[in-house]
>>> print(open('coords-v4.txt').read())   # compact mmCIF, C-alpha atoms (C1' of nucleotides)
# COMPACT_ATOMS: atom_id res chain seq x y z
CA MET A 169 24.58 19.19 -24.13
CA SER A 170 25.63 22.71 -23.43
CA GLY A 171 23.64 22.38 -20.25
CA GLY A 172 26.80 21.75 -18.31
CA ALA A 173 27.66 25.40 -18.33
CA ASP A 174 24.62 26.26 -16.24
CA ALA A 175 25.96 25.20 -12.87
CA ALA A 176 29.23 26.90 -13.74
CA PHE A 177 27.52 30.19 -14.46
CA ASP A 178 25.55 29.96 -11.25
CA ALA A 179 28.79 29.33 -9.38
CA LEU A 180 30.55 32.25 -11.01
CA GLY A 181 27.66 34.50 -10.10
CA ASP A 182 29.12 34.89 -6.63
CA PRO A 183 31.98 37.37 -6.09
CA ALA A 184 33.68 35.25 -3.45
CA ARG A 185 33.77 32.29 -5.80
CA ARG A 186 35.11 34.42 -8.61
CA ARG A 187 37.83 35.55 -6.23
CA ILE A 188 38.65 31.93 -5.51
CA MET A 189 38.88 31.19 -9.21
CA GLU A 190 41.18 34.15 -9.68
CA LEU A 191 43.41 32.77 -6.97
CA LEU A 192 43.45 29.31 -8.45
CA ALA A 193 44.23 30.76 -11.86
CA GLU A 194 47.68 31.42 -10.44
CA GLY A 195 48.17 27.83 -9.45
CA GLU A 196 47.06 25.14 -7.07
CA ALA A 197 46.43 26.03 -3.44
CA PRO A 198 45.35 24.09 -0.35
CA ALA A 199 41.92 24.93 1.00
CA GLY A 200 43.46 26.51 4.05
CA ALA A 201 45.41 29.04 2.04
CA VAL A 202 42.31 29.94 0.05
CA ALA A 203 40.37 30.33 3.29
CA ALA A 204 43.08 32.55 4.79
CA ILE A 205 43.18 34.82 1.77
CA LEU A 206 39.44 35.15 1.55
CA LYS A 207 39.15 35.82 5.25
CA GLU A 208 41.66 38.60 4.84
CA ALA A 209 40.11 39.96 1.67
CA LEU A 210 36.41 39.51 2.30
CA GLY A 211 36.18 38.70 5.99
CA ILE A 212 34.49 35.36 5.55
CA SER A 213 35.07 32.24 7.63
CA GLN A 214 36.69 28.92 6.81
CA PRO A 215 33.39 27.03 6.58
CA ALA A 216 32.07 29.63 4.20
CA VAL A 217 35.06 29.12 1.93
CA SER A 218 34.68 25.36 2.20
CA GLN A 219 31.09 25.69 1.06
CA HIS A 220 32.14 27.86 -1.85
CA LEU A 221 34.72 25.31 -2.85
CA LYS A 222 32.05 22.66 -2.79
CA VAL A 223 29.89 24.65 -5.15
CA LEU A 224 32.82 25.16 -7.49
CA ARG A 225 33.60 21.46 -7.32
CA GLU A 226 30.06 20.47 -8.20
CA ALA A 227 30.07 22.96 -11.02
CA GLY A 228 33.16 21.32 -12.46
CA LEU A 229 35.21 24.48 -12.20
CA VAL A 230 37.87 23.19 -9.83
CA THR A 231 39.76 19.98 -9.25
CA VAL A 232 40.80 18.60 -5.88
CA ARG A 233 43.84 16.57 -5.04
CA ALA A 234 44.17 15.14 -1.54
CA GLU A 235 47.59 15.10 0.04
CA GLY A 236 47.58 13.99 3.63
CA THR A 237 44.98 16.02 5.41
CA ARG A 238 45.24 18.80 2.87
CA ARG A 239 43.13 19.36 -0.21
CA PHE A 240 44.83 21.08 -3.07
CA TYR A 241 42.43 22.91 -5.32
CA GLY A 242 43.11 23.96 -8.86
CA ALA A 243 41.22 25.55 -11.72
CA ASP A 244 39.61 22.93 -13.93
CA GLU A 245 40.33 23.87 -17.51
CA ALA A 246 37.63 21.58 -18.83
CA GLY A 247 34.87 23.22 -16.83
CA ILE A 248 36.16 26.64 -17.71
CA ALA A 249 36.19 25.69 -21.37
CA LEU A 250 32.50 24.82 -21.15
CA VAL A 251 31.73 28.30 -19.95
CA ARG A 252 33.88 29.81 -22.66
CA ALA A 253 32.04 27.73 -25.20
CA TRP A 254 28.78 29.35 -24.17
CA PHE A 255 30.07 32.65 -25.48
CA GLU A 256 30.72 31.23 -28.91
CA ARG A 257 27.12 31.92 -29.77
CA PHE A 258 27.88 35.61 -29.80
CA ALA A 259 29.63 37.15 -32.74
CA ASP A 260 33.22 37.72 -31.81
CA GLY A 261 33.94 41.42 -31.94
CA PHE A 262 37.65 41.10 -32.54
CA ALA A 263 38.34 37.74 -34.11
CA GLY A 264 41.92 37.17 -35.11
CA PRO A 265 42.85 35.56 -38.43
CA LEU A 266 42.95 32.10 -36.85
CA ASP A 267 39.45 32.49 -35.52
CA ALA A 268 38.14 33.73 -38.83
CA LEU A 269 37.18 30.38 -40.29
CA GLU A 270 35.52 29.22 -37.14
CA THR A 271 33.57 32.43 -36.76
CA GLU A 272 32.48 32.29 -40.35
CA LEU A 273 31.19 28.78 -39.93
CA ALA A 274 29.30 29.77 -36.81
CA ARG A 275 27.82 32.72 -38.64
CA GLY A 276 26.59 30.49 -41.42
CA ARG A 277 24.94 28.19 -38.96
CA ARG A 278 23.38 31.08 -37.12
CA GLU A 279 21.92 32.60 -40.23
CA ARG A 280 20.53 29.38 -41.53
CA ARG A 281 18.55 29.13 -38.34
CA LEU A 282 17.19 32.64 -38.51
CA GLN A 283 14.75 33.65 -41.14
CA GLY A 284 12.39 36.58 -41.08
CA ARG A 285 13.80 38.09 -37.96
CA THR A 286 14.78 41.67 -37.37
CA GLU A 287 17.94 42.80 -39.02
CA THR A 288 20.81 43.08 -36.58
CA ALA A 289 23.60 45.56 -36.25
CA GLN A 290 25.91 42.84 -37.48
CA ASP A 291 23.87 42.28 -40.58
CA ARG A 292 24.10 45.95 -41.33
CA ARG A 293 27.80 46.00 -40.69
CA ARG A 294 28.40 43.06 -42.97
CA ARG A 295 26.23 44.47 -45.69
CA GLY A 296 27.25 48.10 -45.77
CA ALA A 297 29.85 49.34 -43.38
CA ALA A 298 32.87 47.91 -45.18
CA MET B 173 41.45 45.14 -11.85
CA SER B 174 38.94 42.88 -13.51
CA GLY B 175 36.42 45.57 -12.53
CA GLY B 176 33.68 45.91 -15.08
CA ALA B 177 33.08 42.24 -15.53
CA ASP B 178 31.65 41.92 -12.05
CA ALA B 179 28.18 43.25 -12.72
CA ALA B 180 28.11 41.19 -15.90
CA PHE B 181 28.93 37.99 -14.04
CA ASP B 182 26.29 38.76 -11.44
CA ALA B 183 23.79 39.30 -14.22
CA LEU B 184 24.70 36.07 -15.98
CA GLY B 185 24.28 34.21 -12.72
CA ASP B 186 20.56 34.05 -13.34
CA PRO B 187 19.17 31.39 -15.71
CA ALA B 188 16.41 33.62 -17.04
CA ARG B 189 18.92 36.28 -17.97
CA ARG B 190 21.17 33.74 -19.63
CA ARG B 191 18.15 32.63 -21.62
CA ILE B 192 17.58 36.21 -22.69
CA MET B 193 21.18 36.54 -23.79
CA GLU B 194 20.88 33.36 -25.78
CA LEU B 195 17.86 34.79 -27.53
CA LEU B 196 19.57 38.05 -28.27
CA ALA B 197 22.58 36.20 -29.60
CA GLU B 198 20.39 35.34 -32.56
CA GLY B 199 19.61 38.95 -33.25
CA GLU B 200 17.77 41.98 -31.96
CA ALA B 201 14.33 41.53 -30.48
CA PRO B 202 11.72 43.85 -29.00
CA ALA B 203 11.09 43.48 -25.28
CA GLY B 204 7.67 42.06 -25.94
CA ALA B 205 9.01 39.18 -27.98
CA VAL B 206 11.53 38.39 -25.28
CA ALA B 207 8.79 38.51 -22.67
CA ALA B 208 6.55 36.22 -24.72
CA ILE B 209 9.28 33.65 -25.20
CA LEU B 210 10.30 33.67 -21.57
CA LYS B 211 6.73 33.39 -20.43
CA GLU B 212 6.33 30.37 -22.64
CA ALA B 213 9.65 28.84 -21.65
CA LEU B 214 9.90 29.72 -17.98
CA GLY B 215 6.44 30.90 -17.06
CA ILE B 216 7.48 34.34 -15.90
CA SER B 217 5.58 37.56 -16.39
CA GLN B 218 6.26 40.60 -18.53
CA PRO B 219 7.37 42.79 -15.60
CA ALA B 220 9.79 40.11 -14.51
CA VAL B 221 11.37 40.10 -17.94
CA SER B 222 11.47 43.87 -17.97
CA GLN B 223 13.35 43.80 -14.69
CA HIS B 224 15.79 41.25 -16.03
CA LEU B 225 16.39 43.41 -19.07
CA LYS B 226 17.12 46.31 -16.77
CA VAL B 227 19.75 44.29 -14.93
CA LEU B 228 21.34 43.26 -18.22
CA ARG B 229 21.29 46.86 -19.37
CA GLU B 230 23.00 48.08 -16.22
CA ALA B 231 25.55 45.31 -16.54
CA GLY B 232 26.40 46.50 -20.03
CA LEU B 233 25.42 43.23 -21.62
CA VAL B 234 22.64 44.51 -23.84
CA THR B 235 21.90 47.56 -25.91
CA VAL B 236 18.50 49.19 -26.39
CA ARG B 237 17.15 51.01 -29.35
CA ALA B 238 13.79 52.75 -29.13
CA GLU B 239 11.50 52.60 -32.10
CA GLY B 240 8.13 54.10 -31.49
CA THR B 241 6.80 52.48 -28.38
CA ARG B 242 9.01 49.47 -28.84
CA ARG B 243 12.41 48.80 -27.36
CA PHE B 244 14.71 46.64 -29.39
CA TYR B 245 17.27 44.83 -27.34
CA GLY B 246 20.47 43.36 -28.63
CA ALA B 247 23.55 41.66 -27.21
CA ASP B 248 26.26 44.18 -26.43
CA GLU B 249 29.53 42.85 -27.77
CA ALA B 250 31.56 45.23 -25.65
CA GLY B 251 30.11 43.98 -22.37
CA ILE B 252 30.43 40.40 -23.47
CA ALA B 253 34.06 41.00 -24.37
CA LEU B 254 34.71 42.13 -20.80
CA VAL B 255 33.44 38.83 -19.47
CA ARG B 256 35.46 36.91 -22.02
CA ALA B 257 38.53 38.85 -20.99
CA TRP B 258 38.16 37.63 -17.43
CA PHE B 259 38.83 34.10 -18.62
CA GLU B 260 42.13 35.04 -20.16
CA ARG B 261 43.76 34.63 -16.78
CA PHE B 262 43.31 30.91 -17.14
CA ALA B 263 45.59 28.89 -19.32
CA ASP B 264 44.21 27.62 -22.60
CA GLY B 265 43.84 31.21 -23.73
CA PHE B 266 41.74 30.76 -26.85
CA ALA B 267 40.09 27.41 -27.19
CA GLY B 268 37.14 27.15 -29.52
CA PRO B 269 34.09 24.94 -28.96
CA LEU B 270 35.70 22.02 -30.69
CA ASP B 271 38.66 22.26 -28.37
CA ALA B 272 36.28 22.46 -25.44
CA LEU B 273 34.61 19.22 -26.40
CA GLU B 274 37.91 17.53 -26.94
CA THR B 275 39.18 18.73 -23.58
CA GLU B 276 36.02 17.57 -21.90
CA LEU B 277 36.42 14.09 -23.32
CA ALA B 278 40.01 13.99 -22.11
CA ARG B 279 38.85 15.02 -18.69
CA GLY B 280 36.39 12.15 -18.55
CA ARG B 281 39.18 9.74 -19.36
CA ARG B 282 41.44 11.29 -16.77
CA GLU B 283 38.86 11.20 -14.03
CA ARG B 284 37.96 7.62 -14.57
CA ARG B 285 41.47 6.87 -13.39
CA LEU B 286 41.17 8.91 -10.19
CA GLN B 287 39.84 7.66 -6.91
CA GLY B 288 38.90 8.94 -3.45
CA ARG B 289 37.80 12.38 -4.38
CA THR B 290 34.41 13.93 -3.87
CA GLU B 291 31.90 13.10 -6.54
CA THR B 292 30.88 16.05 -8.64
CA ALA B 293 27.61 16.86 -10.32
CA GLN B 294 29.22 16.12 -13.63
CA ASP B 295 30.26 12.71 -12.48
CA ARG B 296 26.70 11.99 -11.61
CA ARG B 297 25.48 13.42 -14.86
CA ARG B 298 27.95 11.41 -16.87
CA ARG B 299 27.15 8.27 -14.97
CA GLY B 300 23.38 8.64 -15.07
CA ALA B 301 22.74 10.16 -18.44
CA ALA B 302 24.12 7.25 -20.41
C1' DC C 268 46.55 6.01 21.42
C1' DC C 269 45.95 11.02 21.99
C1' DG C 270 46.03 15.75 20.79
C1' DT C 271 46.21 18.82 17.14
C1' DA C 272 45.79 20.42 12.46
C1' DA C 273 43.14 20.68 8.10
C1' DT C 274 38.90 20.36 6.12
C1' DA C 275 34.15 19.24 5.70
C1' DT C 276 29.29 19.04 7.30
C1' DA C 277 25.16 20.41 10.34
C1' DA C 278 21.88 23.54 11.68
C1' DG C 279 20.04 27.87 11.93
C1' DT C 280 19.68 33.11 10.80
C1' DC C 281 19.03 36.77 7.73
C1' DG C 282 19.39 39.74 3.66
C1' DT C 283 18.36 40.03 -0.82
C1' DA C 284 16.76 39.21 -5.30
C1' DA C 285 13.35 37.10 -8.17
C1' DC C 286 8.96 36.98 -8.49
C1' DT C 287 3.91 38.67 -8.15
C1' DT C 288 -0.12 42.19 -9.11
C1' DA C 289 -1.20 46.82 -9.89
C1' DT C 290 -0.23 51.05 -12.04
C1' DA C 291 2.37 54.70 -14.50
C1' DT C 292 4.27 56.41 -18.91
C1' DA C 293 4.42 57.01 -23.68
C1' DA C 294 3.36 56.42 -28.54
C1' DG C 295 0.13 55.47 -32.25
C1' DG C 296 -4.41 54.88 -34.47
C1' DA C 297 -9.65 55.58 -34.84
C1' DT D 252 -9.35 63.14 -27.43
C1' DC D 253 -9.68 58.34 -26.11
C1' DC D 254 -8.54 53.71 -26.42
C1' DT D 255 -5.05 50.43 -27.15
C1' DT D 256 -0.52 48.59 -27.32
C1' DA D 257 4.17 48.31 -25.53
C1' DT D 258 7.09 48.82 -21.85
C1' DA D 259 8.59 50.32 -17.45
C1' DT D 260 8.10 51.15 -12.44
C1' DA D 261 5.99 50.52 -7.64
C1' DA D 262 5.14 47.89 -3.82
C1' DG D 263 4.91 43.80 -1.43
C1' DT D 264 5.78 38.61 -0.67
C1' DT D 265 8.64 34.77 -0.49
C1' DA D 266 12.22 31.50 -1.43
C1' DC D 267 16.85 30.83 -1.39
C1' DG D 268 21.62 31.19 -0.75
C1' DA D 269 25.47 33.15 1.73
C1' DC D 270 26.74 33.55 5.97
C1' DT D 271 27.35 32.20 11.09
C1' DT D 272 28.79 28.89 15.15
C1' DA D 273 29.29 24.29 16.49
C1' DT D 274 30.73 19.73 15.50
C1' DA D 275 32.15 15.67 12.79
C1' DT D 276 35.88 13.46 10.02
C1' DT D 277 40.37 12.30 8.70
C1' DA D 278 45.37 12.20 8.84
C1' DC D 279 49.59 12.92 11.20
C1' DG D 280 53.27 13.53 15.01
C1' DG D 281 54.75 12.49 19.66
>>> encode(input="coords-v4.txt", output="structure tokens")
Amino acid sequence: MSGGADAAFDALGDPARRRIMELLAEGEAPAGAVAAILKEALGISQPAVSQHLKVLREAGLVTVRAEGTRRFYGADEAGIALVRAWFERFADGFAGPLDALETELARGRRERRLQGRTETAQDRRRRGAA
Amino acid sequence: MSGGADAAFDALGDPARRRIMELLAEGEAPAGAVAAILKEALGISQPAVSQHLKVLREAGLVTVRAEGTRRFYGADEAGIALVRAWFERFADGFAGPLDALETELARGRRERRLQGRTETAQDRRRRGAA
DNA sequence: CCGTAATATAAGTCGTAACTTATATAAGGA
DNA sequence: TCCTTATATAAGTTACGACTTATATTACGG
């Protein structure tokens, strides 16, 4: 179920692809523009960028919209959300008041699963540090 | 200026290391326990796990605490926060897991309407897994 | 139609990183 | 002091993925 985040993480493991995502975070862009910017920034060729875009596509991190001969790429919020969701398993260091309920529920679930394990820093914090 | 998140993303690009992080999300564990679990799950050796832990350490994603001859590893909230911060550049600033699921469902609906674009891995997954 | 522009795919090279086995280091316990 | 347990490091092999150049595909303008 959460397996979908795997391809996304693999994709984001590459600096060039992270750079592409950073670009697309600012809005849609045709493949050519992405290629130009990455050639300037990282010195890589158009085919290389095209291959990176393919990986991002297959990972569900970008969307494509064809317009004539151009392909407009954009960040795919759904795919990105899946990656974000992966991090929910970690206690949120600075949860705001809105997140409080959600975090608390997650904590309950987590602790129900875990019996007889080593005490964590978080356990200690909850118990004593207040 | 995303800076410090780079090594973390590189580290998380590996499935074995993600597995380790998932384990540590449930609490501290000595290196040996991690090695045992990964050997069972992925069939990799103790030195391999030790090397992975080193990468995670250098990426700032885990903490170590020595106790006798044992090393207790734990997820490092600070490093994880850096990775989370990278995603803030994308819209949908703080969506929880429930929002992620909801968004994903919406995406499925949306994409069923679209035609002529390249098939993604998720399309195939969605189509086949049913 | 034909040439050009925009992008994708093919095929091959090469560096690196994820393993392996073997060994070093370090801390107890008998 | 030795043996054992826990972990890290060394050294070497190998698979893979990120490139390259060359070419195929598709859409548009003249």
>>> closest_atom_pairs(input="coords-v4.txt", of="chain A", to="chain C", cutoff="8 Å", atoms="only C-alpha atoms (C1' of nucleotides)", output="tab-separated table")
residue	atom	partner	partner_atom	distance
A:Ala199	CA	C:DT274	C1'	7.5
A:Gly200	CA	C:DA273	C1'	7.1
A:Pro215	CA	C:DA275	C1'	7.9
A:Ser218	CA	C:DA275	C1'	7.1
A:Thr237	CA	C:DA273	C1'	5.7
A:Arg238	CA	C:DA273	C1'	5.9
A:Arg239	CA	C:DT274	C1'	7.7
>>> closest_residue(input="coords-v4.txt", among="B:Ile216, B:Leu228, B:Ala197, B:Val221", to="Gly185 (chain B)", atoms="all atoms listed in the file")
B:Leu228
>>> interface_residues(input="coords-v4.txt", of="chain A", to="chain B", cutoff="7 Å", atoms="only C-alpha atoms", output="list of chain:residue names")
A:Phe177, A:Asp178, A:Leu180, A:Gly181, A:Asp182, A:Ala193, A:Arg225, A:Glu226, A:Ala227, A:Gly228, A:Ala246, A:Ala249, A:Leu250, A:Ala253, A:Arg257, A:Phe258, A:Gly261, A:Arg278, A:Thr286, A:Thr288
>>> write_last_selection(input="coords-v4.txt", atoms="C-alpha atoms", output="PDB file, keeping the file's coordinate frame")
ATOM      1  CA  PHE A 177      27.520  30.190 -14.460  1.00  0.00           C
ATOM      2  CA  ASP A 178      25.550  29.960 -11.250  1.00  0.00           C
ATOM      3  CA  LEU A 180      30.550  32.250 -11.010  1.00  0.00           C
ATOM      4  CA  GLY A 181      27.660  34.500 -10.100  1.00  0.00           C
ATOM      5  CA  ASP A 182      29.120  34.890  -6.630  1.00  0.00           C
ATOM      6  CA  ALA A 193      44.230  30.760 -11.860  1.00  0.00           C
ATOM      7  CA  ARG A 225      33.600  21.460  -7.320  1.00  0.00           C
ATOM      8  CA  GLU A 226      30.060  20.470  -8.200  1.00  0.00           C
ATOM      9  CA  ALA A 227      30.070  22.960 -11.020  1.00  0.00           C
ATOM     10  CA  GLY A 228      33.160  21.320 -12.460  1.00  0.00           C
ATOM     11  CA  ALA A 246      37.630  21.580 -18.830  1.00  0.00           C
ATOM     12  CA  ALA A 249      36.190  25.690 -21.370  1.00  0.00           C
ATOM     13  CA  LEU A 250      32.500  24.820 -21.150  1.00  0.00           C
ATOM     14  CA  ALA A 253      32.040  27.730 -25.200  1.00  0.00           C
ATOM     15  CA  ARG A 257      27.120  31.920 -29.770  1.00  0.00           C
ATOM     16  CA  PHE A 258      27.880  35.610 -29.800  1.00  0.00           C
ATOM     17  CA  GLY A 261      33.940  41.420 -31.940  1.00  0.00           C
ATOM     18  CA  ARG A 278      23.380  31.080 -37.120  1.00  0.00           C
ATOM     19  CA  THR A 286      14.780  41.670 -37.370  1.00  0.00           C
ATOM     20  CA  THR A 288      20.810  43.080 -36.580  1.00  0.00           C
TER      21      THR A 288
END
>>> atom_distance(input="coords-v4.txt", atom1="CA of Leu214 (chain B)", atom2="CA of Ala188 (chain B)")
7.6 Å
>>> atom_distance(input="coords-v4.txt", atom1="CA of Ile205 (chain A)", atom2="CA of Lys222 (chain A)")
17.1 Å
>>> atom_distance(input="coords-v4.txt", atom1="CA of His220 (chain A)", atom2="CA of Val227 (chain B)")
24.4 Å
>>> interface_residues(input="coords-v4.txt", of="chain D", to="chain B", cutoff="8 Å", atoms="only C-alpha atoms (C1' of nucleotides)", output="MDAnalysis selection string")
chainID D and resid 257:259
>>> decode(input="coords-v4.txt", residues="region 187-214 of chain A", atoms="N, CA and C atoms", output="PDB file, in the first residue's frame")
ATOM      1  N   ARG A 187      16.829  18.378  -8.869  1.00  0.00           N
ATOM      2  CA  ARG A 187      16.894  19.710  -9.489  1.00  0.00           C
ATOM      3  C   ARG A 187      15.688  19.926 -10.384  1.00  0.00           C
ATOM      4  N   ILE A 188      15.325  18.921 -11.135  1.00  0.00           N
ATOM      5  CA  ILE A 188      14.158  19.031 -12.012  1.00  0.00           C
ATOM      6  C   ILE A 188      12.905  19.293 -11.176  1.00  0.00           C
ATOM      7  N   MET A 189      12.769  18.553 -10.105  1.00  0.00           N
ATOM      8  CA  MET A 189      11.593  18.739  -9.249  1.00  0.00           C
ATOM      9  C   MET A 189      11.567  20.143  -8.663  1.00  0.00           C
ATOM     10  N   GLU A 190      12.715  20.649  -8.311  1.00  0.00           N
ATOM     11  CA  GLU A 190      12.777  22.010  -7.774  1.00  0.00           C
ATOM     12  C   GLU A 190      12.316  23.011  -8.823  1.00  0.00           C
ATOM     13  N   LEU A 191      12.726  22.768 -10.048  1.00  0.00           N
ATOM     14  CA  LEU A 191      12.281  23.640 -11.141  1.00  0.00           C
ATOM     15  C   LEU A 191      10.767  23.578 -11.295  1.00  0.00           C
ATOM     16  N   LEU A 192      10.266  22.361 -11.331  1.00  0.00           N
ATOM     17  CA  LEU A 192       8.835  22.187 -11.580  1.00  0.00           C
ATOM     18  C   LEU A 192       7.994  22.664 -10.401  1.00  0.00           C
ATOM     19  N   ALA A 193       8.622  22.776  -9.251  1.00  0.00           N
ATOM     20  CA  ALA A 193       7.899  23.302  -8.086  1.00  0.00           C
ATOM     21  C   ALA A 193       7.480  24.743  -8.340  1.00  0.00           C
ATOM     22  N   GLU A 194       8.174  25.386  -9.252  1.00  0.00           N
ATOM     23  CA  GLU A 194       7.859  26.795  -9.543  1.00  0.00           C
ATOM     24  C   GLU A 194       6.862  26.920 -10.675  1.00  0.00           C
ATOM     25  N   GLY A 195       6.411  25.792 -11.179  1.00  0.00           N
ATOM     26  CA  GLY A 195       5.415  25.838 -12.236  1.00  0.00           C
ATOM     27  C   GLY A 195       5.757  24.923 -13.395  1.00  0.00           C
ATOM     28  N   GLU A 196       4.782  24.709 -14.226  1.00  0.00           N
ATOM     29  CA  GLU A 196       4.972  23.871 -15.403  1.00  0.00           C
ATOM     30  C   GLU A 196       6.090  24.389 -16.300  1.00  0.00           C
ATOM     31  N   ALA A 197       6.736  23.456 -17.007  1.00  0.00           N
ATOM     32  CA  ALA A 197       7.763  23.852 -17.966  1.00  0.00           C
ATOM     33  C   ALA A 197       7.844  22.798 -19.052  1.00  0.00           C
ATOM     34  N   PRO A 198       8.070  23.217 -20.304  1.00  0.00           N
ATOM     35  CA  PRO A 198       8.267  22.256 -21.385  1.00  0.00           C
ATOM     36  C   PRO A 198       9.613  21.565 -21.218  1.00  0.00           C
ATOM     37  N   ALA A 199       9.687  20.340 -21.712  1.00  0.00           N
ATOM     38  CA  ALA A 199      10.894  19.539 -21.557  1.00  0.00           C
ATOM     39  C   ALA A 199      12.138  20.273 -22.040  1.00  0.00           C
ATOM     40  N   GLY A 200      11.971  21.025 -23.094  1.00  0.00           N
ATOM     41  CA  GLY A 200      13.101  21.754 -23.649  1.00  0.00           C
ATOM     42  C   GLY A 200      13.690  22.755 -22.679  1.00  0.00           C
ATOM     43  N   ALA A 201      12.828  23.460 -21.985  1.00  0.00           N
ATOM     44  CA  ALA A 201      13.292  24.445 -21.012  1.00  0.00           C
ATOM     45  C   ALA A 201      14.026  23.753 -19.871  1.00  0.00           C
ATOM     46  N   VAL A 202      13.463  22.640 -19.417  1.00  0.00           N
ATOM     47  CA  VAL A 202      14.115  21.877 -18.357  1.00  0.00           C
ATOM     48  C   VAL A 202      15.493  21.423 -18.825  1.00  0.00           C
ATOM     49  N   ALA A 203      15.543  20.916 -20.053  1.00  0.00           N
ATOM     50  CA  ALA A 203      16.812  20.438 -20.609  1.00  0.00           C
ATOM     51  C   ALA A 203      17.826  21.574 -20.675  1.00  0.00           C
ATOM     52  N   ALA A 204      17.376  22.743 -21.128  1.00  0.00           N
ATOM     53  CA  ALA A 204      18.283  23.893 -21.254  1.00  0.00           C
ATOM     54  C   ALA A 204      18.864  24.266 -19.897  1.00  0.00           C
ATOM     55  N   ILE A 205      17.991  24.337 -18.911  1.00  0.00           N
ATOM     56  CA  ILE A 205      18.442  24.744 -17.576  1.00  0.00           C
ATOM     57  C   ILE A 205      19.403  23.725 -16.982  1.00  0.00           C
ATOM     58  N   LEU A 206      19.098  22.463 -17.170  1.00  0.00           N
ATOM     59  CA  LEU A 206      19.983  21.449 -16.603  1.00  0.00           C
ATOM     60  C   LEU A 206      21.304  21.360 -17.361  1.00  0.00           C
ATOM     61  N   LYS A 207      21.260  21.643 -18.634  1.00  0.00           N
ATOM     62  CA  LYS A 207      22.516  21.658 -19.388  1.00  0.00           C
ATOM     63  C   LYS A 207      23.393  22.787 -18.871  1.00  0.00           C
ATOM     64  N   GLU A 208      22.774  23.907 -18.598  1.00  0.00           N
ATOM     65  CA  GLU A 208      23.506  25.056 -18.098  1.00  0.00           C
ATOM     66  C   GLU A 208      24.012  24.791 -16.670  1.00  0.00           C
ATOM     67  N   ALA A 209      23.170  24.191 -15.870  1.00  0.00           N
ATOM     68  CA  ALA A 209      23.506  24.019 -14.459  1.00  0.00           C
ATOM     69  C   ALA A 209      24.412  22.819 -14.219  1.00  0.00           C
ATOM     70  N   LEU A 210      24.141  21.725 -14.901  1.00  0.00           N
ATOM     71  CA  LEU A 210      24.863  20.489 -14.607  1.00  0.00           C
ATOM     72  C   LEU A 210      25.644  19.955 -15.802  1.00  0.00           C
ATOM     73  N   GLY A 211      25.476  20.596 -16.940  1.00  0.00           N
ATOM     74  CA  GLY A 211      26.228  20.159 -18.116  1.00  0.00           C
ATOM     75  C   GLY A 211      25.785  18.836 -18.690  1.00  0.00           C
ATOM     76  N   ILE A 212      24.501  18.507 -18.535  1.00  0.00           N
ATOM     77  CA  ILE A 212      24.052  17.240 -19.102  1.00  0.00           C
ATOM     78  C   ILE A 212      23.168  17.476 -20.329  1.00  0.00           C
ATOM     79  N   SER A 213      23.118  16.470 -21.186  1.00  0.00           N
ATOM     80  CA  SER A 213      22.504  16.617 -22.505  1.00  0.00           C
ATOM     81  C   SER A 213      20.985  16.493 -22.480  1.00  0.00           C
ATOM     82  N   GLN A 214      20.372  16.812 -23.589  1.00  0.00           N
ATOM     83  CA  GLN A 214      18.914  16.711 -23.707  1.00  0.00           C
ATOM     84  C   GLN A 214      18.426  15.277 -23.499  1.00  0.00           C
TER      85      GLN A 214
END
